[in-house]
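Asker: Just input-v5.pdb, nothing more (PDB, C-alpha atoms):
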ATOM      1  CA  ALA H   1      24.028  34.749  21.318
ATOM      2  CA  MET H   2      25.123  35.632  17.797
ATOM      3  CA  PRO H   3      24.603  32.749  15.370
ATOM      4  CA  HIS H   4      27.695  31.930  13.313
ATOM      5  CA  ASP H   5      27.512  30.232   9.920
ATOM      6  CA  LEU H   6      30.574  28.037  10.611
ATOM      7  CA  ILE H   7      29.451  26.760  14.049
ATOM      8  CA  LYS H   8      26.257  24.774  13.496
ATOM      9  CA  THR H   9      24.114  23.096  16.126
ATOM     10  CA  SER H  10      21.704  20.340  15.141
ATOM     11  CA  ARG H  11      19.552  17.995  17.128
ATOM     12  CA  ASP H  12      18.399  14.400  16.789
ATOM     13  CA  GLY H  13      16.031  13.601  19.647
ATOM     14  CA  VAL H  14      17.934  13.910  22.924
ATOM     15  CA  ILE H  15      21.351  14.219  21.215
ATOM     16  CA  ALA H  16      22.806  17.505  19.971
ATOM     17  CA  THR H  17      25.694  17.874  17.536
ATOM     18  CA  VAL H  18      27.923  20.926  17.239
ATOM     19  CA  LEU H  19      29.599  21.037  13.831
ATOM     20  CA  ILE H  20      32.729  23.099  13.129
ATOM     21  CA  ASP H  21      32.027  23.664   9.437
ATOM     22  CA  ARG H  22      35.244  24.914   7.893
ATOM     23  CA  ALA H  23      36.702  21.876   6.130
ATOM     24  CA  ASP H  24      38.727  23.996   3.680
ATOM     25  CA  LYS H  25      40.788  25.248   6.651
ATOM     26  CA  ARG H  26      40.863  21.948   8.572
ATOM     27  CA  ASN H  27      38.090  23.362  10.784
ATOM     28  CA  CYS H  28      40.419  25.849  12.490
ATOM     29  CA  LEU H  29      38.765  28.609  14.518
ATOM     30  CA  ASP H  30      39.120  32.360  14.355
ATOM     31  CA  LEU H  31      38.023  34.456  17.331
ATOM     32  CA  PRO H  32      34.324  34.855  16.323
ATOM     33  CA  MET H  33      34.163  31.068  15.920
ATOM     34  CA  TRP H  34      35.652  30.483  19.400
ATOM     35  CA  ILE H  35      33.026  32.843  20.829
ATOM     36  CA  ALA H  36      30.238  31.091  18.904
ATOM     37  CA  LEU H  37      31.465  27.664  20.034
ATOM     38  CA  GLY H  38      31.320  28.741  23.689
ATOM     39  CA  GLU H  39      27.854  30.231  23.202
ATOM     40  CA  ALA H  40      26.615  27.067  21.475
ATOM     41  CA  LEU H  41      27.790  24.878  24.389
ATOM     42  CA  GLY H  42      26.300  27.302  26.913
ATOM     43  CA  ALA H  43      22.920  27.153  25.171
ATOM     44  CA  LEU H  44      22.989  23.336  25.028
ATOM     45  CA  SER H  45      23.972  23.137  28.689
ATOM     46  CA  ALA H  46      20.854  25.153  29.567
ATOM     47  CA  ASP H  47      18.595  22.687  27.704
ATOM     48  CA  GLU H  48      17.709  19.963  30.203
ATOM     49  CA  SER H  49      15.874  17.883  27.606
ATOM     50  CA  LEU H  50      19.208  16.835  26.067
ATOM     51  CA  ARG H  51      21.218  13.768  27.131
ATOM     52  CA  ALA H  52      24.474  14.018  25.145
ATOM     53  CA  VAL H  53      26.442  16.425  22.955
ATOM     54  CA  VAL H  54      28.765  15.448  20.090
ATOM     55  CA  ILE H  55      31.355  17.958  18.835
ATOM     56  CA  ARG H  56      32.703  17.216  15.364
ATOM     57  CA  GLY H  57      34.408  18.803  12.391
ATOM     58  CA  ALA H  58      33.221  18.861   8.793
ATOM     59  CA  GLY H  59      34.674  16.030   6.698
ATOM     60  CA  GLU H  60      37.000  13.198   7.736
ATOM     61  CA  GLU H  61      40.367  14.992   7.420
ATOM     62  CA  ALA H  62      40.163  17.131  10.540
ATOM     63  CA  PHE H  63      38.272  17.421  13.800
ATOM     64  CA  CYS H  64      39.857  20.825  14.377
ATOM     65  CA  ALA H  65      43.380  21.957  13.554
ATOM     66  CA  GLY H  66      43.227  24.592  16.311
ATOM     67  CA  ALA H  67      43.252  28.363  16.198
ATOM     68  CA  ASP H  68      43.372  30.109  12.828
ATOM     69  CA  ILE H  69      46.951  31.391  12.893
ATOM     70  CA  SER H  70      46.347  33.460   9.741
ATOM     71  CA  ALA H  71      43.908  35.591  11.771
ATOM     72  CA  PHE H  72      46.437  36.283  14.560
ATOM     73  CA  ALA H  73      47.767  39.393  12.759
ATOM     74  CA  HIS H  74      44.535  41.292  13.473
ATOM     75  CA  GLU H  75      43.244  39.240  16.460
ATOM     76  CA  ARG H  76      46.357  39.251  18.640
ATOM     77  CA  GLY H  77      49.690  41.016  19.145
ATOM     78  CA  THR H  78      48.769  43.961  21.377
ATOM     79  CA  PRO H  79      48.168  43.694  25.149
ATOM     80  CA  ASP H  80      44.495  44.650  24.707
ATOM     81  CA  ARG H  81      43.913  42.152  21.908
ATOM     82  CA  GLU H  82      45.752  39.409  23.791
ATOM     83  CA  ALA H  83      43.575  40.011  26.861
ATOM     84  CA  ILE H  84      40.363  39.758  24.807
ATOM     85  CA  TYR H  85      41.595  36.725  22.863
ATOM     86  CA  GLY H  86      42.695  34.916  26.020
ATOM     87  CA  ARG H  87      39.423  35.661  27.802
ATOM     88  CA  GLU H  88      37.256  34.433  24.915
ATOM     89  CA  LEU H  89      39.387  31.320  24.321
ATOM     90  CA  HIS H  90      39.231  30.359  28.009
ATOM     91  CA  GLY H  91      35.506  31.111  28.004
ATOM     92  CA  ALA H  92      34.932  28.671  25.140
ATOM     93  CA  PHE H  93      36.994  25.934  26.827
ATOM     94  CA  HIS H  94      35.176  26.555  30.111
ATOM     95  CA  ALA H  95      31.766  26.307  28.399
ATOM     96  CA  ILE H  96      32.709  22.878  27.014
ATOM     97  CA  ARG H  97      34.154  21.680  30.310
ATOM     98  CA  THR H  98      31.152  22.791  32.368
ATOM     99  CA  CYS H  99      28.411  21.681  29.957
ATOM    100  CA  ILE H 100      26.028  19.662  32.161
ATOM    101  CA  HIS H 101      25.616  16.944  29.509
ATOM    102  CA  PRO H 102      28.174  14.259  28.623
ATOM    103  CA  THR H 103      30.284  15.543  25.721
ATOM    104  CA  ILE H 104      31.955  13.517  22.984
ATOM    105  CA  ALA H 105      34.692  14.748  20.649
ATOM    106  CA  ALA H 106      34.682  12.963  17.274
ATOM    107  CA  CYS H 107      38.443  13.186  16.648
ATOM    108  CA  SER H 108      38.587  12.283  12.967
ATOM    109  CA  GLY H 109      41.990  13.238  11.557
ATOM    110  CA  TRP H 110      43.778  16.414  12.702
ATOM    111  CA  THR H 111      43.072  17.254  16.360
ATOM    112  CA  MET H 112      45.736  19.841  16.978
ATOM    113  CA  GLY H 113      46.417  22.750  19.314
ATOM    114  CA  GLY H 114      43.118  24.330  20.294
ATOM    115  CA  GLY H 115      41.425  21.341  18.646
ATOM    116  CA  CYS H 116      43.206  19.073  21.121
ATOM    117  CA  GLY H 117      42.116  21.579  23.787
ATOM    118  CA  ILE H 118      38.465  21.236  22.740
ATOM    119  CA  ALA H 119      38.762  17.440  22.722
ATOM    120  CA  THR H 120      40.375  17.262  26.168
ATOM    121  CA  MET H 121      37.595  19.454  27.621
ATOM    122  CA  CYS H 122      35.129  16.752  26.518
ATOM    123  CA  ASP H 123      34.276  13.649  28.536
ATOM    124  CA  PHE H 124      34.914  11.188  25.689
ATOM    125  CA  ARG H 125      37.236  11.202  22.678
ATOM    126  CA  VAL H 126      36.719   8.826  19.753
ATOM    127  CA  GLY H 127      39.431   8.475  17.112
ATOM    128  CA  SER H 128      40.988   6.160  14.549
ATOM    129  CA  ASP H 129      44.514   5.368  13.331
ATOM    130  CA  ALA H 130      44.351   8.428  11.088
ATOM    131  CA  THR H 131      43.807  10.709  14.107
ATOM    132  CA  ARG H 132      46.736  13.055  14.741
ATOM    133  CA  ILE H 133      46.554  14.683  18.147
ATOM    134  CA  GLY H 134      48.954  17.130  19.753
ATOM    135  CA  ILE H 135      49.607  20.679  20.930
ATOM    136  CA  PRO H 136      52.346  22.584  19.030
ATOM    137  CA  ALA H 137      52.189  25.606  21.376
ATOM    138  CA  ARG H 138      55.955  25.406  21.988
ATOM    139  CA  ASN H 139      56.598  26.063  18.273
ATOM    140  CA  LEU H 140      54.635  29.324  18.516
ATOM    141  CA  GLY H 141      56.120  30.394  21.849
ATOM    142  CA  ILE H 142      52.670  30.417  23.447
ATOM    143  CA  PHE H 143      51.523  28.508  26.510
ATOM    144  CA  TYR H 144      48.415  26.837  27.815
ATOM    145  CA  ALA H 145      46.618  28.166  30.874
ATOM    146  CA  TYR H 146      46.334  26.140  34.097
ATOM    147  CA  GLU H 147      42.671  25.378  33.371
ATOM    148  CA  GLU H 148      43.567  23.919  29.987
ATOM    149  CA  ILE H 149      46.482  21.829  31.222
ATOM    150  CA  ASP H 150      44.549  20.329  34.132
ATOM    151  CA  PRO H 151      42.022  18.217  32.169
ATOM    152  CA  ILE H 152      44.889  16.736  30.139
ATOM    153  CA  MET H 153      46.791  15.795  33.304
ATOM    154  CA  GLN H 154      43.583  14.447  34.841
ATOM    155  CA  SER H 155      43.159  12.168  31.810
ATOM    156  CA  VAL H 156      46.684  11.013  31.036
ATOM    157  CA  GLY H 157      48.948  12.073  33.925
ATOM    158  CA  TYR H 158      52.202  13.996  34.164
ATOM    159  CA  ALA H 159      54.401  11.895  31.871
ATOM    160  CA  VAL H 160      52.130  11.970  28.830
ATOM    161  CA  THR H 161      51.259  15.654  29.405
ATOM    162  CA  ALA H 162      55.020  16.341  29.317
ATOM    163  CA  GLU H 163      55.246  14.554  25.951
ATOM    164  CA  ILE H 164      52.367  16.639  24.609
ATOM    165  CA  LEU H 165      53.360  20.078  25.900
ATOM    166  CA  ILE H 166      57.142  19.966  26.355
ATOM    167  CA  GLU H 167      58.307  17.510  23.686
ATOM    168  CA  GLY H 168      55.490  18.583  21.335
ATOM    169  CA  ARG H 169      54.728  14.985  20.367
ATOM    170  CA  VAL H 170      51.964  14.443  17.819
ATOM    171  CA  PHE H 171      50.372  11.078  18.535
ATOM    172  CA  THR H 172      48.761   8.776  16.011
ATOM    173  CA  GLY H 173      45.324   7.506  16.986
ATOM    174  CA  SER H 174      46.692   4.174  18.185
ATOM    175  CA  GLU H 175      49.414   5.859  20.278
ATOM    176  CA  ALA H 176      46.830   8.246  21.749
ATOM    177  CA  HIS H 177      44.542   5.334  22.607
ATOM    178  CA  GLN H 178      47.385   3.387  24.203
ATOM    179  CA  LYS H 179      48.209   6.429  26.368
ATOM    180  CA  GLY H 180      44.585   6.935  27.426
ATOM    181  CA  LEU H 181      44.156  10.164  25.465
ATOM    182  CA  LEU H 182      41.501   8.605  23.212
ATOM    183  CA  SER H 183      38.663   6.777  24.971
ATOM    184  CA  ARG H 184      37.989   4.598  21.947
ATOM    185  CA  LEU H 185      39.802   3.628  18.765
ATOM    186  CA  VAL H 186      37.761   2.581  15.710
ATOM    187  CA  ALA H 187      38.422   1.950  12.019
ATOM    188  CA  ASP H 188      39.325   4.929   9.820
ATOM    189  CA  GLY H 189      36.216   6.495   8.349
ATOM    190  CA  THR H 190      33.947   5.333  11.189
ATOM    191  CA  VAL H 191      34.761   7.946  13.857
ATOM    192  CA  HIS H 192      31.600  10.011  13.343
ATOM    193  CA  ALA H 193      29.395   6.912  13.318
ATOM    194  CA  GLU H 194      30.979   5.637  16.554
ATOM    195  CA  ALA H 195      30.705   9.045  18.250
ATOM    196  CA  ASP H 196      26.990   9.063  17.403
ATOM    197  CA  ALA H 197      26.585   5.461  18.613
ATOM    198  CA  LEU H 198      28.365   6.355  21.871
ATOM    199  CA  ALA H 199      26.000   9.321  22.325
ATOM    200  CA  ARG H 200      23.020   6.973  21.846
ATOM    201  CA  ARG H 201      24.430   4.522  24.409
ATOM    202  CA  ILE H 202      24.916   7.343  26.914
ATOM    203  CA  ALA H 203      21.376   8.595  26.210
ATOM    204  CA  GLN H 204      19.967   5.195  27.247
ATOM    205  CA  GLY H 205      21.050   5.886  30.821
ATOM    206  CA  SER H 206      19.410   8.235  33.280
ATOM    207  CA  PRO H 207      20.369  11.833  32.412
ATOM    208  CA  LEU H 208      20.249  12.807  36.087
ATOM    209  CA  SER H 209      22.700  10.027  36.900
ATOM    210  CA  ALA H 210      25.033  11.069  34.056
ATOM    211  CA  ARG H 211      24.922  14.737  35.069
ATOM    212  CA  PHE H 212      25.562  13.941  38.716
ATOM    213  CA  HIS H 213      28.514  11.667  37.910
ATOM    214  CA  LYS H 214      30.029  14.273  35.608
ATOM    215  CA  ARG H 215      29.583  16.984  38.231
ATOM    216  CA  ALA H 216      30.914  14.717  40.978
ATOM    217  CA  MET H 217      34.069  13.810  39.031
ATOM    218  CA  GLN H 218      34.816  17.488  38.518
ATOM    219  CA  GLN H 219      33.949  18.408  42.127
ATOM    220  CA  LEU H 220      36.275  15.677  43.396
ATOM    221  CA  ARG H 221      39.075  17.441  41.528
ATOM    222  CA  GLY H 222      38.389  20.470  43.741
ATOM    223  CA  GLU H 223      39.638  23.976  43.125
ATOM    224  CA  LEU H 224      42.954  24.184  41.274
ATOM    225  CA  PRO H 225      45.837  24.680  43.727
ATOM    226  CA  ILE H 226      46.814  27.945  42.030
ATOM    227  CA  THR H 227      46.929  31.260  43.876
ATOM    228  CA  GLU H 228      46.282  34.714  42.454
ATOM    229  CA  GLN H 229      49.997  35.379  43.057
ATOM    230  CA  ASP H 230      50.875  32.415  40.830
ATOM    231  CA  ARG H 231      48.665  33.850  38.081
ATOM    232  CA  VAL H 232      50.150  37.332  38.342
ATOM    233  CA  ARG H 233      53.693  35.977  38.397
ATOM    234  CA  GLU H 234      53.120  33.695  35.400
ATOM    235  CA  GLY H 235      50.848  36.090  33.539
ATOM    236  CA  SER H 236      48.380  33.221  33.156
TER     237      SER H 236
END
What is this structure when it is put down as structure tokens?

Answerer:
Amino acid sequence: AMPHDLIKTSRDGVIATVLIDRADKRNCLDLPMWIALGEALGALSADESLRAVVIRGAGEEAFCAGADISAFAHERGTPDREAIYGRELHGAFHAIRTCIHPTIAACSGWTMGGGCGIATMCDFRVGSDATRIGIPARNLGIFYAYEEIDPIMQSVGYAVTAEILIEGRVFTGSEAHQKGLLSRLVADGTVHAEADALARRIAQGSPLSARFHKRAMQQLRGELPITEQDRVREGS
């Protein structure tokens, strides 16, 4: 794995934190950062001495404002580039989703687009009133893959997923909590502290129990009811 200076992993006992350290750009990710994020989660998943993982952004203003659109000019736009970009993006989401440890997204402030994607791949999402969470894909004419839509529907159901993806609603923290998109709503400025406290509470339980329950919940979902023909037809 290539270390990346904007994706930083730290450890406090049995709890690991992955920091997206790009506050000047609202912690948005270019392609090397997406790759590094996936690699960081893969490495943590392989470490059985851990009990919880917190993903957070630098500062209070943003968890992650999504993909770095300013990098699209050289990262996307040709069939070859799109194929690589799509593969790496899905790989990063998959690494978060399949991490064996419970994962917590500290959704302080902007949690948009791919940032909302990261958060919805996690098991827990902590936010505050100042959280702004949504997916503006429709404004860019891009669409989410089946594997990225499914965890959102699993969490909040069809109606709220329609608001997010089709209406393009951006929820405040309290709206997101009311709709079940945030697991917990705390006072502004305390999101990181609560995410860490939640990680410590999780770490008090048996890690084998936590890992089994996480695995079981995902196994109960089963394979997605999507055929290869569906994928070819939709180009997804």

Asker: Can you translate the PyMOL selection byres ((chain H and resi 185-199) around 6) into the concrete residues it hits in this file, as a PyMOL selection string?

Answerer: chain H and resi 52+106+108+127-128+184+200-202

Asker: Restricting the calculation to only C-alpha atoms: of H:Asp150, H:Arg26, H:Ile142, H:Arg97, which residue gets closest to Ile226 (chain H)?

Answerer: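 Ranked by minimum distance to Ile226 (chain H), first place goes to H:Asp150.
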
Asker: Quick one: residues within 7 Å of region 152-157 of chain H, only C-alpha atoms, excluding same-chain residues fewer than 5 positions away - as a VMD selection string?

Answerer: chain H and resid 120 179 to 181

Asker: Please write the residues picked by the PyMOL selection byres ((chain H and resi 211-214) around 9) on this file as a PyMOL selection string.

Answerer: chain H and resi 51+100-102+123+206-210+215-219

Asker: Using CA of Phe63 (chain H) and CA of Arg221 (chain H) as the two end points, give the distance in Å to one decimal.

Answerer: 27.7 Å

Asker: Could you write region 29-40 of chain H as a short mmCIF file (atom, residue, chain, number, x, y, z; two decimals), keeping the file's coordinate frame, with all heavy atoms rebuilt where they are missing?

Answerer:
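Just written: part35.cif:
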data_model
loop_
_atom_site.label_atom_id
_atom_site.label_comp_id
_atom_site.auth_asym_id
_atom_site.auth_seq_id
_atom_site.Cartn_x
_atom_site.Cartn_y
_atom_site.Cartn_z
N LEU H 29 39.69 27.60 14.01
CA LEU H 29 38.76 28.61 14.52
C LEU H 29 39.41 29.98 14.63
O LEU H 29 40.48 30.13 15.24
CB LEU H 29 38.25 28.20 15.91
CG LEU H 29 37.28 27.03 15.96
CD1 LEU H 29 38.06 25.73 16.14
CD2 LEU H 29 36.29 27.18 17.10
N ASP H 30 38.74 30.98 14.06
CA ASP H 30 39.12 32.36 14.36
C ASP H 30 38.34 32.81 15.59
O ASP H 30 37.52 32.05 16.13
CB ASP H 30 38.90 33.28 13.14
CG ASP H 30 37.46 33.34 12.68
OD1 ASP H 30 36.55 32.92 13.44
OD2 ASP H 30 37.22 33.82 11.55
N LEU H 31 38.60 34.02 16.05
CA LEU H 31 38.02 34.46 17.33
C LEU H 31 36.49 34.43 17.34
O LEU H 31 35.89 33.92 18.30
CB LEU H 31 38.57 35.84 17.70
CG LEU H 31 38.16 36.38 19.09
CD1 LEU H 31 38.55 35.40 20.20
CD2 LEU H 31 38.80 37.74 19.34
N PRO H 32 35.80 34.94 16.30
CA PRO H 32 34.32 34.85 16.32
C PRO H 32 33.82 33.41 16.41
O PRO H 32 32.77 33.16 17.02
CB PRO H 32 33.91 35.51 15.00
CG PRO H 32 35.04 36.43 14.65
CD PRO H 32 36.28 35.73 15.14
N MET H 33 34.57 32.48 15.83
CA MET H 33 34.16 31.07 15.92
C MET H 33 34.36 30.52 17.34
O MET H 33 33.53 29.76 17.83
CB MET H 33 34.94 30.23 14.90
CG MET H 33 34.53 30.48 13.46
SD MET H 33 35.63 29.62 12.29
CE MET H 33 35.15 27.90 12.54
N TRP H 34 35.45 30.90 18.00
CA TRP H 34 35.65 30.48 19.40
C TRP H 34 34.50 30.98 20.26
O TRP H 34 33.95 30.24 21.09
CB TRP H 34 36.97 31.04 19.96
CG TRP H 34 38.21 30.30 19.59
CD1 TRP H 34 39.24 30.75 18.81
CD2 TRP H 34 38.59 28.96 19.98
NE1 TRP H 34 40.21 29.79 18.70
CE2 TRP H 34 39.85 28.68 19.40
CE3 TRP H 34 37.96 27.97 20.76
CZ2 TRP H 34 40.51 27.47 19.57
CZ3 TRP H 34 38.63 26.76 20.94
CH2 TRP H 34 39.88 26.51 20.35
N ILE H 35 34.13 32.26 20.05
CA ILE H 35 33.03 32.84 20.83
C ILE H 35 31.73 32.08 20.56
O ILE H 35 30.99 31.71 21.48
CB ILE H 35 32.88 34.35 20.50
CG1 ILE H 35 34.12 35.11 20.98
CG2 ILE H 35 31.61 34.92 21.14
CD1 ILE H 35 34.22 36.55 20.48
N ALA H 36 31.47 31.80 19.28
CA ALA H 36 30.24 31.09 18.90
C ALA H 36 30.22 29.67 19.46
O ALA H 36 29.16 29.16 19.86
CB ALA H 36 30.09 31.07 17.38
N LEU H 37 31.39 29.02 19.48
CA LEU H 37 31.46 27.66 20.03
C LEU H 37 31.09 27.67 21.52
O LEU H 37 30.30 26.84 21.98
CB LEU H 37 32.88 27.10 19.85
CG LEU H 37 33.13 25.68 20.38
CD1 LEU H 37 32.29 24.65 19.61
CD2 LEU H 37 34.61 25.33 20.29
N GLY H 38 31.65 28.62 22.26
CA GLY H 38 31.32 28.74 23.69
C GLY H 38 29.84 29.01 23.90
O GLY H 38 29.20 28.42 24.78
N GLU H 39 29.27 29.90 23.07
CA GLU H 39 27.85 30.23 23.20
C GLU H 39 26.98 29.03 22.87
O GLU H 39 25.96 28.79 23.52
CB GLU H 39 27.51 31.42 22.31
CG GLU H 39 28.08 32.74 22.83
CD GLU H 39 27.82 33.93 21.93
OE1 GLU H 39 27.40 33.73 20.77
OE2 GLU H 39 28.02 35.07 22.40
N ALA H 40 27.39 28.25 21.85
CA ALA H 40 26.62 27.07 21.48
C ALA H 40 26.58 26.06 22.63
O ALA H 40 25.52 25.51 22.96
CB ALA H 40 27.22 26.42 20.22
#
